[in-house]
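Structure data follow from my_file-v3.pdb (PDB, N, CA and C atoms):
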```pdb
ATOM      1  N   MET N   1      93.900  94.085 122.479
ATOM      2  CA  MET N   1      93.782  93.128 121.406
ATOM      3  C   MET N   1      92.723  92.099 121.780
ATOM      4  N   ARG N   2      92.074  91.559 120.758
ATOM      5  CA  ARG N   2      91.097  90.515 121.036
ATOM      6  C   ARG N   2      91.170  89.466 119.937
ATOM      7  N   THR N   3      90.728  88.290 120.246
ATOM      8  CA  THR N   3      90.708  87.211 119.277
ATOM      9  C   THR N   3      89.276  86.963 118.854
ATOM     10  N   HIS N   4      89.077  86.738 117.553
ATOM     11  CA  HIS N   4      87.760  86.366 117.065
ATOM     12  C   HIS N   4      87.934  85.443 115.873
ATOM     13  N   HIS N   5      86.854  84.857 115.419
ATOM     14  CA  HIS N   5      86.920  83.869 114.349
ATOM     15  C   HIS N   5      86.293  84.368 113.070
ATOM     16  N   ASP N   6      86.294  85.649 112.857
ATOM     17  CA  ASP N   6      85.721  86.240 111.664
ATOM     18  C   ASP N   6      86.854  86.765 110.795
ATOM     19  N   GLY N   7      86.552  87.142 109.568
ATOM     20  CA  GLY N   7      87.545  87.779 108.727
ATOM     21  C   GLY N   7      88.259  86.844 107.783
ATOM     22  N   SER N   8      87.760  85.625 107.594
ATOM     23  CA  SER N   8      88.452  84.684 106.724
ATOM     24  C   SER N   8      88.323  85.054 105.251
ATOM     25  N   ALA N   9      87.261  85.731 104.881
ATOM     26  CA  ALA N   9      87.082  86.129 103.486
ATOM     27  C   ALA N   9      87.859  87.410 103.223
ATOM     28  N   GLY N  10      88.217  87.612 101.976
ATOM     29  CA  GLY N  10      88.904  88.842 101.605
ATOM     30  C   GLY N  10      90.348  88.606 101.255
ATOM     31  N   GLU N  11      91.061  89.693 101.042
ATOM     32  CA  GLU N  11      92.454  89.637 100.618
ATOM     33  C   GLU N  11      93.402  89.643 101.812
ATOM     34  N   TRP N  12      93.982  88.510 102.085
ATOM     35  CA  TRP N  12      95.022  88.408 103.098
ATOM     36  C   TRP N  12      96.354  88.493 102.376
ATOM     37  N   ARG N  13      97.335  89.129 102.975
ATOM     38  CA  ARG N  13      98.667  89.138 102.386
ATOM     39  C   ARG N  13      99.663  88.658 103.428
ATOM     40  N   ALA N  14     100.707  88.017 102.937
ATOM     41  CA  ALA N  14     101.744  87.500 103.823
ATOM     42  C   ALA N  14     102.714  88.609 104.200
ATOM     43  N   SER N  15     103.318  88.450 105.331
ATOM     44  CA  SER N  15     104.348  89.375 105.770
ATOM     45  C   SER N  15     105.489  89.385 104.766
ATOM     46  N   SER N  16     106.049  90.553 104.520
ATOM     47  CA  SER N  16     107.202  90.649 103.621
ATOM     48  C   SER N  16     108.438  90.010 104.249
ATOM     49  N   TYR N  17     108.395  89.711 105.546
ATOM     50  CA  TYR N  17     109.497  89.051 106.222
ATOM     51  C   TYR N  17     109.385  87.534 106.142
ATOM     52  N   SER N  18     108.321  87.035 105.555
ATOM     53  CA  SER N  18     108.137  85.600 105.405
ATOM     54  C   SER N  18     109.043  85.080 104.306
ATOM     55  N   ASP N  19     109.616  83.902 104.527
ATOM     56  CA  ASP N  19     110.501  83.344 103.501
ATOM     57  C   ASP N  19     109.769  82.410 102.539
ATOM     58  N   GLY N  20     108.483  82.215 102.725
ATOM     59  CA  GLY N  20     107.704  81.388 101.811
ATOM     60  C   GLY N  20     107.848  79.898 102.026
ATOM     61  N   SER N  21     108.574  79.477 103.049
ATOM     62  CA  SER N  21     108.789  78.054 103.283
ATOM     63  C   SER N  21     107.691  77.419 104.124
ATOM     64  N   GLY N  22     106.691  78.200 104.516
ATOM     65  CA  GLY N  22     105.600  77.670 105.320
ATOM     66  C   GLY N  22     105.894  77.670 106.801
ATOM     67  N   GLY N  23     106.967  78.309 107.196
ATOM     68  CA  GLY N  23     107.333  78.372 108.602
ATOM     69  C   GLY N  23     106.529  79.413 109.349
ATOM     70  N   ASN N  24     107.224  80.268 110.027
ATOM     71  CA  ASN N  24     106.589  81.312 110.827
ATOM     72  C   ASN N  24     106.115  82.443 109.929
ATOM     73  N   CYS N  25     104.875  82.377 109.529
ATOM     74  CA  CYS N  25     104.351  83.395 108.625
ATOM     75  C   CYS N  25     103.079  83.991 109.184
ATOM     76  N   LEU N  26     103.005  85.270 109.071
ATOM     77  CA  LEU N  26     101.877  86.042 109.532
ATOM     78  C   LEU N  26     101.158  86.590 108.304
ATOM     79  N   GLN N  27      99.847  86.579 108.346
ATOM     80  CA  GLN N  27      99.055  87.192 107.283
ATOM     81  C   GLN N  27      98.238  88.316 107.883
ATOM     82  N   VAL N  28      98.016  89.346 107.074
ATOM     83  CA  VAL N  28      97.339  90.538 107.562
ATOM     84  C   VAL N  28      96.341  91.029 106.522
ATOM     85  N   ARG N  29      95.267  91.631 107.002
ATOM     86  CA  ARG N  29      94.291  92.311 106.136
ATOM     87  C   ARG N  29      94.421  93.791 106.424
ATOM     88  N   ASP N  30      95.261  94.462 105.664
ATOM     89  CA  ASP N  30      95.403  95.896 105.877
ATOM     90  C   ASP N  30      94.685  96.698 104.799
ATOM     91  N   ASP N  31      93.801  96.005 104.059
ATOM     92  CA  ASP N  31      93.002  96.679 103.030
ATOM     93  C   ASP N  31      91.653  97.139 103.564
ATOM     94  N   LEU N  32      91.413  96.928 104.830
ATOM     95  CA  LEU N  32      90.130  97.291 105.435
ATOM     96  C   LEU N  32      90.198  98.707 105.981
ATOM     97  N   THR N  33      89.082  99.384 105.929
ATOM     98  CA  THR N  33      89.017 100.686 106.583
ATOM     99  C   THR N  33      88.415 100.473 107.961
ATOM    100  N   GLY N  34      88.818 101.257 108.870
ATOM    101  CA  GLY N  34      88.285 101.115 110.215
ATOM    102  C   GLY N  34      89.365 101.251 111.258
ATOM    103  N   GLU N  35      89.032 100.827 112.433
ATOM    104  CA  GLU N  35      89.903 101.041 113.577
ATOM    105  C   GLU N  35      90.723  99.824 113.955
ATOM    106  N   ALA N  36      90.619  98.724 113.193
ATOM    107  CA  ALA N  36      91.309  97.502 113.574
ATOM    108  C   ALA N  36      91.916  96.804 112.362
ATOM    109  N   VAL N  37      92.981  96.044 112.625
ATOM    110  CA  VAL N  37      93.673  95.282 111.590
ATOM    111  C   VAL N  37      93.673  93.816 112.024
ATOM    112  N   PRO N  38      93.016  92.927 111.249
ATOM    113  CA  PRO N  38      93.048  91.510 111.595
ATOM    114  C   PRO N  38      94.349  90.853 111.125
ATOM    115  N   VAL N  39      94.888  89.982 111.980
ATOM    116  CA  VAL N  39      96.137  89.276 111.719
ATOM    117  C   VAL N  39      95.878  87.801 112.009
ATOM    118  N   ARG N  40      96.505  86.900 111.216
ATOM    119  CA  ARG N  40      96.319  85.464 111.469
ATOM    120  C   ARG N  40      97.599  84.700 111.140
ATOM    121  N   ASP N  41      97.657  83.478 111.618
ATOM    122  CA  ASP N  41      98.763  82.553 111.358
ATOM    123  C   ASP N  41      98.481  81.847 110.037
ATOM    124  N   SER N  42      99.399  81.931 109.085
ATOM    125  CA  SER N  42      99.174  81.326 107.777
ATOM    126  C   SER N  42      99.117  79.802 107.842
ATOM    127  N   LYS N  43      99.742  79.208 108.856
ATOM    128  CA  LYS N  43      99.715  77.746 108.993
ATOM    129  C   LYS N  43      98.365  77.230 109.464
ATOM    130  N   ASP N  44      97.589  78.078 110.112
ATOM    131  CA  ASP N  44      96.306  77.661 110.660
ATOM    132  C   ASP N  44      95.297  78.807 110.549
ATOM    133  N   PRO N  45      94.959  79.220 109.314
ATOM    134  CA  PRO N  45      94.088  80.385 109.144
ATOM    135  C   PRO N  45      92.677  80.199 109.679
ATOM    136  N   GLY N  46      92.225  78.959 109.782
ATOM    137  CA  GLY N  46      90.888  78.702 110.292
ATOM    138  C   GLY N  46      90.762  78.845 111.794
ATOM    139  N   ARG N  47      91.861  78.981 112.464
ATOM    140  CA  ARG N  47      91.844  79.077 113.926
ATOM    141  C   ARG N  47      91.313  80.419 114.418
ATOM    142  N   GLY N  48      91.349  81.409 113.555
ATOM    143  CA  GLY N  48      90.832  82.712 113.945
ATOM    144  C   GLY N  48      91.847  83.807 113.708
ATOM    145  N   THR N  49      91.469  84.992 114.086
ATOM    146  CA  THR N  49      92.341  86.141 113.881
ATOM    147  C   THR N  49      92.541  86.890 115.185
ATOM    148  N   LEU N  50      93.620  87.624 115.214
ATOM    149  CA  LEU N  50      93.891  88.546 116.294
ATOM    150  C   LEU N  50      93.628  89.928 115.726
ATOM    151  N   THR N  51      92.770  90.685 116.356
ATOM    152  CA  THR N  51      92.441  92.018 115.872
ATOM    153  C   THR N  51      93.225  93.042 116.677
ATOM    154  N   VAL N  52      94.033  93.808 115.969
ATOM    155  CA  VAL N  52      94.902  94.797 116.602
ATOM    156  C   VAL N  52      94.380  96.195 116.266
ATOM    157  N   PRO N  53      94.269  97.071 117.248
ATOM    158  CA  PRO N  53      93.865  98.441 116.933
ATOM    159  C   PRO N  53      94.822  99.045 115.894
ATOM    160  N   ALA N  54      94.280  99.748 114.915
ATOM    161  CA  ALA N  54      95.071 100.279 113.801
ATOM    162  C   ALA N  54      96.273 101.116 114.247
ATOM    163  N   PRO N  55      96.148 102.012 115.227
ATOM    164  CA  PRO N  55      97.330 102.798 115.636
ATOM    165  C   PRO N  55      98.458 101.924 116.204
ATOM    166  N   GLU N  56      98.094 100.892 116.942
ATOM    167  CA  GLU N  56      99.102  99.992 117.499
ATOM    168  C   GLU N  56      99.756  99.169 116.400
ATOM    169  N   TRP N  57      98.981  98.757 115.392
ATOM    170  CA  TRP N  57      99.547  98.010 114.263
ATOM    171  C   TRP N  57     100.548  98.888 113.506
ATOM    172  N   THR N  58     100.184 100.134 113.276
ATOM    173  CA  THR N  58     101.073 101.061 112.589
ATOM    174  C   THR N  58     102.373 101.243 113.375
ATOM    175  N   ALA N  59     102.270 101.385 114.682
ATOM    176  CA  ALA N  59     103.463 101.532 115.524
ATOM    177  C   ALA N  59     104.331 100.280 115.463
ATOM    178  N   PHE N  60     103.716  99.101 115.464
ATOM    179  CA  PHE N  60     104.460  97.843 115.381
ATOM    180  C   PHE N  60     105.207  97.749 114.052
ATOM    181  N   VAL N  61     104.518  98.017 112.941
ATOM    182  CA  VAL N  61     105.143  97.947 111.618
ATOM    183  C   VAL N  61     106.302  98.942 111.522
ATOM    184  N   THR N  62     106.098 100.136 112.036
ATOM    185  CA  THR N  62     107.167 101.146 112.023
ATOM    186  C   THR N  62     108.368 100.666 112.829
ATOM    187  N   ALA N  63     108.130 100.082 113.984
ATOM    188  CA  ALA N  63     109.219  99.579 114.826
ATOM    189  C   ALA N  63     109.998  98.474 114.123
ATOM    190  N   VAL N  64     109.300  97.590 113.426
ATOM    191  CA  VAL N  64     109.983  96.526 112.685
ATOM    192  C   VAL N  64     110.816  97.119 111.553
ATOM    193  N   LYS N  65     110.224  98.018 110.788
ATOM    194  CA  LYS N  65     110.917  98.605 109.632
ATOM    195  C   LYS N  65     112.131  99.443 110.024
ATOM    196  N   THR N  66     112.089 100.071 111.188
ATOM    197  CA  THR N  66     113.206 100.922 111.608
ATOM    198  C   THR N  66     114.236 100.187 112.440
ATOM    199  N   GLY N  67     114.021  98.901 112.689
ATOM    200  CA  GLY N  67     115.009  98.101 113.410
ATOM    201  C   GLY N  67     114.861  98.111 114.913
ATOM    202  N   VAL N  68     113.834  98.764 115.421
ATOM    203  CA  VAL N  68     113.612  98.775 116.871
ATOM    204  C   VAL N  68     113.375  97.345 117.362
ATOM    205  N   LEU N  69     112.667  96.557 116.567
ATOM    206  CA  LEU N  69     112.433  95.144 116.880
ATOM    207  C   LEU N  69     113.297  94.311 115.929
ATOM    208  N   ASN N  70     114.488  94.018 116.317
ATOM    209  CA  ASN N  70     115.403  93.327 115.418
ATOM    210  C   ASN N  70     115.543  91.844 115.703
ATOM    211  N   GLY N  71     114.759  91.314 116.613
ATOM    212  CA  GLY N  71     114.767  89.883 116.893
ATOM    213  C   GLY N  71     115.863  89.430 117.825
ATOM    214  N   SER N  72     116.584  90.330 118.444
ATOM    215  CA  SER N  72     117.655  89.891 119.337
ATOM    216  C   SER N  72     117.248  89.988 120.779
TER     217      SER N  72
END
```
Please lay out the structure from this file as structure tokens.
Amino acid sequence: MRTHHDGSAGEWRASSYSDGSGGNCLQVRDDLTGEAVPVRDSKDPGRGTLTVPAPEWTAFVTAVKTGVLNGS
């Protein structure tokens, strides 16, 4: 993973696990084609993005959806 300050333009979407209260919310650009998925903190979007390799992002999302990462 690497951090960079690009990717502010475009369609960011909030995590479906976000409650909309402005707390711990993650935004993602999964509408891009390529080998990486940019992720950012919705509270501080100007701070930059974390770029995650697409296969690792897919594995993370699958783990969350299947309960492997249940927050305990």
I need every residue sitting at most 6.5 Å from the point (100.7, 101.2, 116.6) (coordinates as in the file, all atoms listed in the file considered), written as a list in words.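 It turns out the residues near that spot are Pro53, Ala54, Pro55, Glu56, Trp57, Thr58, Ala59, Phe60 and Val61 of chain N.
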Name the residues that the PyMOL selection byres ((chain N and resi 38) around 5) pulls out of this structure, and write them as an mmCIF file with N, CA and C atoms, in the frame of the given file.
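Wrote it out as result.cif, contents follow:
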```cif
data_model
loop_
_atom_site.group_PDB
_atom_site.id
_atom_site.type_symbol
_atom_site.label_atom_id
_atom_site.label_comp_id
_atom_site.auth_asym_id
_atom_site.auth_seq_id
_atom_site.Cartn_x
_atom_site.Cartn_y
_atom_site.Cartn_z
ATOM 1 N N VAL N 28 98.016 89.346 107.074
ATOM 2 C CA VAL N 28 97.339 90.538 107.562
ATOM 3 C C VAL N 28 96.341 91.029 106.522
ATOM 4 N N ARG N 29 95.267 91.631 107.002
ATOM 5 C CA ARG N 29 94.291 92.311 106.136
ATOM 6 C C ARG N 29 94.421 93.791 106.424
ATOM 7 N N ALA N 36 90.619 98.724 113.193
ATOM 8 C CA ALA N 36 91.309 97.502 113.574
ATOM 9 C C ALA N 36 91.916 96.804 112.362
ATOM 10 N N VAL N 37 92.981 96.044 112.625
ATOM 11 C CA VAL N 37 93.673 95.282 111.590
ATOM 12 C C VAL N 37 93.673 93.816 112.024
ATOM 13 N N VAL N 39 94.888 89.982 111.980
ATOM 14 C CA VAL N 39 96.137 89.276 111.719
ATOM 15 C C VAL N 39 95.878 87.801 112.009
ATOM 16 N N ARG N 40 96.505 86.900 111.216
ATOM 17 C CA ARG N 40 96.319 85.464 111.469
ATOM 18 C C ARG N 40 97.599 84.700 111.140
ATOM 19 N N LEU N 50 93.620 87.624 115.214
ATOM 20 C CA LEU N 50 93.891 88.546 116.294
ATOM 21 C C LEU N 50 93.628 89.928 115.726
ATOM 22 N N THR N 51 92.770 90.685 116.356
ATOM 23 C CA THR N 51 92.441 92.018 115.872
ATOM 24 C C THR N 51 93.225 93.042 116.677
ATOM 25 N N VAL N 52 94.033 93.808 115.969
ATOM 26 C CA VAL N 52 94.902 94.797 116.602
ATOM 27 C C VAL N 52 94.380 96.195 116.266
#
```
CA of Lys65 in chain N sits from CA of Ser16 in chain N at a separation of 10.6 Å
**Prompt:** atom N of Gln27 in chain N and atom C of Ser42 in chain N are how many Å apart?
**Reply:**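 Interatomic distance here is 6.8 Å.
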